[in-house]
Each structure stands twice: as C-alpha cells, then as structure tokens.
file run33.txt (compact mmCIF, C-alpha atoms)
# COMPACT_ATOMS: atom_id res chain seq x y z
CA MET H 1 12.89 -16.01 10.25
CA SER H 2 15.00 -18.75 8.65
CA PRO H 3 13.75 -21.04 5.85
CA GLU H 4 13.35 -23.84 8.40
CA GLN H 5 11.29 -21.58 10.67
CA VAL H 6 9.09 -20.70 7.70
CA LEU H 7 8.25 -24.38 7.12
CA ALA H 8 7.49 -24.85 10.81
CA HIS H 9 5.25 -21.77 11.06
CA GLU H 10 1.58 -22.48 11.87
CA ASP H 11 0.40 -20.62 8.74
CA VAL H 12 2.65 -22.75 6.53
CA ALA H 13 3.10 -26.20 8.07
CA GLY H 14 0.94 -28.81 6.34
CA LYS H 15 -0.42 -26.32 3.79
CA GLU H 16 0.16 -26.24 0.05
CA PRO H 17 1.99 -23.13 -1.15
CA ALA H 18 -0.28 -20.45 -2.63
CA ALA H 19 2.17 -20.15 -5.52
CA VAL H 20 5.53 -21.41 -6.73
CA TYR H 21 7.69 -19.10 -8.83
CA GLN H 22 10.63 -19.94 -11.04
CA ALA H 23 12.61 -17.06 -9.60
CA PRO H 24 15.20 -16.54 -6.86
CA ILE H 25 13.84 -15.68 -3.42
CA ALA H 26 15.28 -12.13 -3.55
CA LYS H 27 13.22 -11.35 -6.66
CA VAL H 28 10.05 -12.83 -5.16
CA ARG H 29 10.64 -10.88 -1.94
CA GLU H 30 10.86 -7.62 -3.91
CA ALA H 31 7.65 -8.51 -5.72
CA GLY H 32 6.09 -9.31 -2.34
CA ILE H 33 6.84 -5.83 -1.01
CA ARG H 34 5.24 -4.32 -4.11
CA ALA H 35 2.20 -6.62 -3.86
CA LEU H 36 1.65 -5.68 -0.21
CA THR H 37 1.85 -2.00 -1.14
CA PHE H 38 -0.70 -2.49 -3.93
CA VAL H 39 -3.24 -3.86 -1.44
CA GLY H 40 -2.60 -0.92 0.88
CA CYS H 41 -0.23 -2.43 3.44
CA LYS H 42 2.45 -0.52 5.30
CA MET H 43 5.51 -2.72 5.77
CA LYS H 44 6.07 -3.89 9.33
CA ILE H 45 8.44 -6.84 8.87
CA ASP H 46 10.87 -7.06 5.97
CA GLU H 47 13.06 -10.15 6.24
CA PRO H 48 14.53 -12.37 3.49
CA CYS H 49 11.94 -15.15 4.10
CA HIS H 50 9.12 -13.24 5.76
CA LEU H 51 7.17 -10.09 4.93
CA ARG H 52 4.41 -8.61 7.01
CA GLY H 53 2.31 -5.56 6.16
CA ARG H 54 -0.57 -3.93 7.94
CA ARG H 55 -3.44 -2.02 6.38
CA PRO H 56 -4.02 1.23 8.31
CA ASN H 57 -7.33 1.54 10.17
CA LYS H 58 -9.62 4.03 8.50
CA MET H 59 -12.67 6.11 9.28
CA GLY H 60 -15.20 7.20 6.72
CA LEU H 61 -17.97 5.61 4.72
CA LEU H 62 -16.80 2.20 5.86
CA VAL H 63 -16.20 3.09 9.48
CA GLY H 64 -13.42 1.00 10.91
CA SER H 65 -12.20 -0.72 7.75
CA GLY H 66 -8.53 -1.64 7.54
CA GLY H 67 -6.47 -3.16 10.30
CA GLU H 68 -5.73 -6.45 8.54
CA SER H 69 -2.21 -7.87 8.73
CA VAL H 70 -1.01 -9.66 5.61
CA GLU H 71 1.97 -12.00 5.76
CA ILE H 72 4.02 -13.51 2.96
CA PHE H 73 6.21 -16.52 3.74
CA LEU H 74 8.98 -17.38 1.29
CA TYR H 75 10.86 -20.66 1.05
CA PRO H 76 13.76 -21.17 -1.39
CA LYS H 77 13.01 -24.61 -2.82
CA SER H 78 16.11 -24.20 -4.99
CA GLU H 79 18.26 -21.35 -6.25
CA ASN H 80 15.67 -20.47 -8.91
CA GLN H 81 12.46 -21.72 -7.38
CA THR H 82 10.57 -20.06 -4.52
CA GLN H 83 7.48 -21.29 -2.70
CA VAL H 84 5.08 -18.69 -1.34
CA TRP H 85 2.37 -18.77 1.32
CA VAL H 86 0.09 -15.80 2.01
CA ASP H 87 -1.98 -15.31 5.14
CA THR H 88 -4.30 -12.51 6.26
CA ASP H 89 -5.01 -11.99 9.95
CA LEU H 90 -8.05 -9.92 10.90
CA SER H 91 -7.96 -7.71 13.96
CA PHE H 92 -10.74 -7.18 16.49
CA VAL H 93 -11.08 -3.44 15.84
CA GLY H 94 -12.98 -2.90 12.61
CA ILE H 95 -13.46 -6.59 11.84
CA ALA H 96 -16.80 -5.85 10.13
CA GLY H 97 -15.02 -3.93 7.38
CA GLN H 98 -12.10 -6.34 6.99
CA GLN H 99 -11.46 -9.08 4.49
CA SER H 100 -8.84 -11.57 3.40
CA TRP H 101 -6.28 -10.19 0.94
CA ASP H 102 -4.61 -13.52 0.12
CA LYS H 103 -6.07 -13.80 -3.38
CA GLN H 104 -5.28 -10.21 -4.37
CA VAL H 105 -1.70 -10.52 -3.11
CA VAL H 106 -1.11 -13.70 -5.14
CA GLU H 107 -2.64 -12.03 -8.22
CA GLN H 108 -0.29 -9.09 -7.81
CA LEU H 109 2.69 -11.41 -7.34
CA ASN H 110 1.71 -13.25 -10.52
CA SER H 111 1.35 -10.00 -12.39
CA ILE H 112 4.66 -8.52 -11.18
CA LEU H 113 6.74 -11.65 -11.66
CA ASN H 114 5.25 -12.43 -15.07
CA THR H 115 5.96 -8.86 -16.16
CA GLN H 116 9.54 -9.12 -14.94
CA THR H 117 9.99 -12.43 -16.75
CA LYS H 118 8.81 -10.85 -20.01
CA GLN H 119 11.21 -7.91 -19.60
CA THR H 120 14.17 -10.25 -19.19
CA PRO H 121 15.65 -11.10 -22.60
CA MET S 1 -36.94 25.77 37.92
CA LYS S 2 -35.79 29.29 37.22
CA ARG S 3 -37.18 31.01 34.22
CA GLY S 4 -35.13 30.35 31.10
CA GLU S 5 -33.30 27.29 32.50
CA GLY S 6 -35.21 24.92 30.17
CA ASP S 7 -34.42 27.12 27.18
CA VAL S 8 -30.68 27.07 27.97
CA GLY S 9 -30.68 23.25 28.33
CA GLY S 10 -32.66 22.82 25.13
CA ARG S 11 -30.36 25.14 23.24
CA PHE S 12 -27.32 23.21 24.51
CA TRP S 13 -28.69 19.88 23.27
CA ARG S 14 -29.82 21.33 19.94
CA THR S 15 -26.32 22.74 19.44
CA ALA S 16 -24.68 19.43 20.46
CA ILE S 17 -26.88 17.43 18.07
CA ALA S 18 -26.19 19.89 15.25
CA CYS S 19 -22.43 19.62 15.87
CA ALA S 20 -22.61 15.81 15.93
CA LEU S 21 -24.59 15.77 12.66
CA PHE S 22 -22.14 18.19 11.06
CA CYS S 23 -19.09 16.10 12.13
CA GLY S 24 -20.81 12.89 11.00
CA THR S 25 -21.57 14.40 7.61
CA ILE S 26 -17.97 15.53 7.20
CA ILE S 27 -16.69 12.04 8.10
CA LEU S 28 -19.16 10.29 5.79
CA THR S 29 -18.63 12.56 2.83
CA CYS S 30 -14.94 13.23 3.14
CA GLY S 31 -13.54 10.52 5.35
CA CYS S 32 -9.80 10.40 5.29
CA ALA S 33 -7.46 9.44 2.53
CA THR S 34 -4.62 7.07 3.21
CA GLU S 35 -1.51 6.74 1.11
CA VAL S 36 0.90 3.86 1.47
CA GLY S 37 4.05 3.54 -0.58
CA SER S 38 7.20 1.55 -1.12
CA HIS S 39 10.21 1.60 -3.40
CA THR S 40 12.31 -1.15 -4.93
CA PHE S 41 15.79 -0.49 -6.25
CA LEU S 42 16.45 -1.73 -9.78
CA GLY S 43 20.16 -2.24 -9.14
CA LYS S 44 22.45 -0.59 -6.67
CA THR S 45 20.96 1.28 -3.75
CA TYR S 46 21.17 5.04 -3.26
CA PRO S 47 21.16 7.04 0.00
CA ALA S 48 17.93 8.88 0.77
CA LYS S 49 17.64 12.55 -0.16
CA SER S 50 16.63 15.22 2.35
CA ALA S 51 12.92 15.90 2.97
CA ASP S 52 13.10 19.20 1.04
CA HIS S 53 15.04 17.86 -1.95
CA PRO S 54 13.20 19.01 -5.10
CA ILE S 55 11.72 16.17 -7.15
CA ASP S 56 10.81 16.83 -10.80
CA VAL S 57 7.68 15.08 -12.04
CA TYR S 58 7.43 14.10 -15.72
CA THR S 59 3.89 12.95 -16.42
CA ASP S 60 4.02 12.55 -20.21
CA SER S 61 7.62 13.02 -21.26
CA LEU S 62 11.18 12.21 -20.28
CA PRO S 63 13.93 14.61 -19.17
CA GLU S 64 16.15 15.91 -21.94
CA ARG S 65 19.26 15.61 -19.80
CA PRO S 66 20.88 12.18 -19.24
CA PHE S 67 19.45 10.10 -16.42
CA GLU S 68 19.49 6.65 -14.92
CA ARG S 69 16.47 4.61 -13.77
CA VAL S 70 17.17 3.56 -10.19
CA ALA S 71 13.94 2.51 -8.47
CA LEU S 72 10.35 1.40 -8.92
CA LEU S 73 7.97 3.50 -6.83
CA ASP S 74 4.58 2.08 -5.87
CA ILE S 75 1.80 3.77 -3.96
CA HIS S 76 -1.72 2.92 -2.86
CA CYS S 77 -4.22 5.77 -2.39
CA GLU S 78 -7.55 5.27 -0.75
CA SER S 79 -10.26 7.84 -0.18
CA GLN S 80 -13.02 6.71 2.13
CA GLY S 81 -15.70 9.16 1.15
CA PHE S 82 -17.24 10.40 -2.07
CA LEU S 83 -14.17 12.35 -3.14
CA GLU S 84 -12.30 10.83 -6.05
CA THR S 85 -8.67 9.93 -5.45
CA ASN S 86 -6.49 11.67 -7.99
CA LEU S 87 -2.87 11.52 -9.01
CA GLU S 88 -2.06 15.19 -8.54
CA ASN S 89 -3.41 15.69 -5.03
CA ASP S 90 -3.05 12.23 -3.51
CA GLY S 91 -0.54 10.32 -5.63
CA VAL S 92 2.25 12.76 -6.45
CA PRO S 93 3.05 13.78 -2.83
CA GLU S 94 3.53 10.13 -1.81
CA LEU S 95 5.46 9.35 -5.01
CA LYS S 96 7.78 12.26 -4.20
CA ARG S 97 8.25 10.95 -0.66
CA GLN S 98 9.21 7.54 -2.01
CA ALA S 99 11.48 9.11 -4.63
CA ARG S 100 13.40 11.00 -1.93
CA ALA S 101 13.66 7.82 0.17
CA ALA S 102 15.15 6.06 -2.86
CA GLY S 103 17.64 8.90 -3.48
CA CYS S 104 16.01 10.03 -6.73
CA ASP S 105 15.92 13.42 -8.48
CA ALA S 106 12.78 12.92 -10.56
CA ILE S 107 9.81 10.70 -11.33
CA VAL S 108 8.97 9.41 -14.80
CA GLU S 109 6.64 6.88 -16.44
CA ILE S 110 3.76 7.21 -13.98
CA SER S 111 1.05 4.62 -14.53
CA GLU S 112 -2.16 3.72 -12.80
CA ARG S 113 -2.53 0.09 -11.90
CA LYS S 114 -5.95 -1.56 -12.11
CA LEU S 115 -6.85 -4.00 -9.38
CA ASP S 116 -9.70 -6.47 -9.78
CA ASN S 117 -11.75 -8.40 -7.24
CA TRP S 118 -11.89 -5.56 -4.74
CA SER S 119 -14.74 -5.41 -2.30
CA LEU S 120 -15.53 -3.30 0.76
CA GLU S 121 -13.17 -0.64 -0.53
CA THR S 122 -14.03 2.68 -2.06
CA ARG S 123 -12.09 5.03 -4.29
CA THR S 124 -8.90 3.00 -4.30
CA LYS S 125 -6.18 3.71 -6.82
CA THR S 126 -2.63 2.48 -7.10
CA PHE S 127 0.12 4.17 -9.05
CA SER S 128 3.55 3.01 -10.13
CA ALA S 129 6.41 5.14 -11.38
CA VAL S 130 10.11 4.98 -12.05
CA GLY S 131 12.50 7.04 -9.93
CA ILE S 132 15.54 8.43 -11.72
CA VAL S 133 18.77 10.22 -10.87
CA TYR S 134 20.32 12.78 -13.20
CA ARG S 135 23.80 11.99 -14.42
call {"tool": "encode", "arguments": {"input": "run33.txt", "output": "structure tokens"}}
result
Amino acid sequence: MSPEQVLAHEDVAGKEPAAVYQAPIAKVREAGIRALTFVGCKMKIDEPCHLRGRRPNKMGLLVGSGGESVEIFLYPKSENQTQVWVDTDLSFVGIAGQQSWDKQVVEQLNSILNTQTKQTP
Amino acid sequence: MKRGEGDVGGRFWRTAIACALFCGTIILTCGCATEVGSHTFLGKTYPAKSADHPIDVYTDSLPERPFERVALLDIHCESQGFLETNLENDGVPELKRQARAAGCDAIVEISERKLDNWSLETRTKTFSAVGIVYR
C-alpha cells in the first residue's frame, strides 16, 4: 500500500489521525509491530505504510474470544513526522468476546516511541 | 424391549454426559494458552538460527563474554483459564523462538510489561527482552 493509497483507504479518508509522531515512518512502523504484538496480534501484513495483525481465536473461560484484526495505517507527513490511524475489525466468529484494540495500540505506540526518544541522546 | 436394553442405553448416556462434563471442566479450568511474538532488529539484520540452536537465558545477569545487542524480542502470553501465565513455562519458549528467528545466541534483560485498560481478557502477560549475539 502506497502513502496515497493509505489516504484513500476507507478507514483513513476523512478521519483525523489517532496520533502524530515526530519520528520517521520506519521507526513508527517498528513500534507498530511491537504494539500489535503487545495486544496479542500475529502479524499478517507487514508493509512500509500498512500493518495488519490478527488476534488468534481462543477457547476457554471466554469461549470464542480473539479473532479481531487490528490495522495500523502510516502516512509520512514529512521525513520526521508520521501520521497514524488504527482500526480494529471484529469477526463474526466469537464476536461476543471481542473488543476494539485501537486505544491500547495507540497507548503502546506512545509508550514505545516516547521511550525511544528518551534513549536517544 | 429385551431385558437389559434400557440399562445399556442409560449407561451410554450417563457415560456421554460424564465425558462432556469432564471435557467442559478441562476447557474452563485450563483453556489454552496462546503466545504471540515478534522481533525488531536494533541495527543490521542477522540470518535466523536453526530450530535447535541453543539459546542461553540470562534472567538477572549479563554474560561475562563479549556480546552485542541485536534485537528487541516481544511476546504476548495469554492463558484462558485459571492457570497463571508465567515466564518460565510460557514466556521463555516463545522468547527463544524469537531469538532464533533474529539470529541470536542468548536472551538478556527480560522484563514484564504492564498493560492497562484491558477488559474481557484473563491472565495476560507481555514480556520484552533483548536478543544478543556473542562476539
């Protein structure tokens, strides 16, 4: 997915970014992969401007939880500024145990990128 | 009806119900654990190591021999039942898998990451570590 395709995507077009980071897109993409892992997603799409992870379906106390797909869209506003949109899609199977992970993903991105900023002299 | 036919049918259903209850109890109390992981290279990338490559795990110290930090390893462990997720049984195997994928020889600086605002999830833990290669 190219930067132009990101802006035209239905989950991005006409919506405010969930976050804007003063960091190059490559750094934000790396943080995105980590954030998706932290919320339990297995990576399905790993492109420079688009990440997609899926939480495995589970059985157990919460029968049928998992199954959500979480997408991160990245747009390089400039060399050192990246806009981010996050979108969770619920699936039919196990929808009762599913939830949106947008907020948690943005919190993890904030945490990772702030930490990295502090480590940089 | 022949004599004993009702007893056989009743026994079959009692056994089937007992098996269903047993399986349900196992699922509810144990469930299944899922581990998801990823790795991020800190600089240059390294080729993956073989599946049986030994990975040293340093939980509270660093190797005495020279080493280089090459990758951040992140994992998410989730147990669905009443069993507590723990680093040794659930975390370390996935950390080792990620370390091999990142071409590492050992794992250091393991930390547990706290996640807030979680709902509908039970027994979730995430761990981060640094993968190293010996020089």
call {"tool": "closest_residue", "arguments": {"input": "run33.txt", "among": "S:Glu109, S:Glu78, S:Asp90, S:Glu35", "to": "S:Asp60", "atoms": "all atoms listed in the file"}}
result
S:Glu109
call {"tool": "atom_distance", "arguments": {"input": "run33.txt", "atom1": "atom CA of H:Val12", "atom2": "atom CA of H:Asn57"}}
result
26.5 Å
call {"tool": "closest_residue", "arguments": {"input": "run33.txt", "among": "H:Pro56, H:Gly40, H:Gly14, H:Pro24", "to": "H:Lys77", "atoms": "only C-alpha atoms"}}
result
H:Pro24
call {"tool": "residues_around", "arguments": {"input": "run33.txt", "residues": "stretch 95-97 of chain S", "least_positions_apart": "3", "cutoff": "9 Å", "atoms": "all atoms listed in the file", "output": "number ranges by chain"}}
result
S: 37-38, 51, 54-57, 73-75, 91-92, 100-102, 104, 106-107, 127-129, 131
call {"tool": "closest_residue", "arguments": {"input": "run33.txt", "among": "S:Cys77, S:Ile132, S:Leu62, S:Val70", "to": "chain H", "atoms": "only C-alpha atoms"}}
result
S:Cys77
call {"tool": "atom_distance", "arguments": {"input": "run33.txt", "atom1": "atom CA of H:Val70", "atom2": "atom CA of H:Tyr21"}}
result
19.3 Å
call {"tool": "closest_residue", "arguments": {"input": "run33.txt", "among": "H:Thr37, H:Gln5, H:Ser91, H:Gln22", "to": "chain S", "atoms": "all atoms listed in the file"}}
result
H:Thr37
call {"tool": "closest_residue", "arguments": {"input": "run33.txt", "among": "H:Cys41, H:Leu51, H:Ile72, H:Ala31", "to": "H:Asp11", "atoms": "only C-alpha atoms"}}
result
H:Ile72
call {"tool": "residues_around", "arguments": {"input": "run33.txt", "residues": "H:Leu7", "least_positions_apart": "6", "cutoff": "9 Å", "atoms": "only C-alpha atoms", "output": "PDB file with C-alpha atoms, in the frame of the given file"}}
result
ATOM      1  CA  ALA H  13       3.100 -26.200   8.070  1.00  0.00           C
ATOM      2  CA  GLY H  14       0.940 -28.810   6.340  1.00  0.00           C
ATOM      3  CA  PHE H  73       6.210 -16.520   3.740  1.00  0.00           C
ATOM      4  CA  TYR H  75      10.860 -20.660   1.050  1.00  0.00           C
TER       5      TYR H  75
END
call {"tool": "closest_residue", "arguments": {"input": "run33.txt", "among": "S:Glu88, S:Glu112, S:Asp7, S:Glu64", "to": "chain H", "atoms": "only C-alpha atoms"}}
result
S:Glu112
call {"tool": "atom_distance", "arguments": {"input": "run33.txt", "atom1": "atom CA of S:Ala71", "atom2": "atom CA of S:Leu42"}}
result
5.1 Å
call {"tool": "axis_aligned_box", "arguments": {"input": "run33.txt", "around": "stretch 47-63 of chain S", "padding_each_side": "8 Å", "output": "AutoDock Vina command-line options"}}
result
--center_x 12.5 --center_y 13.1 --center_z -9.1 --size_x 33.3 --size_y 28.2 --size_z 40.2
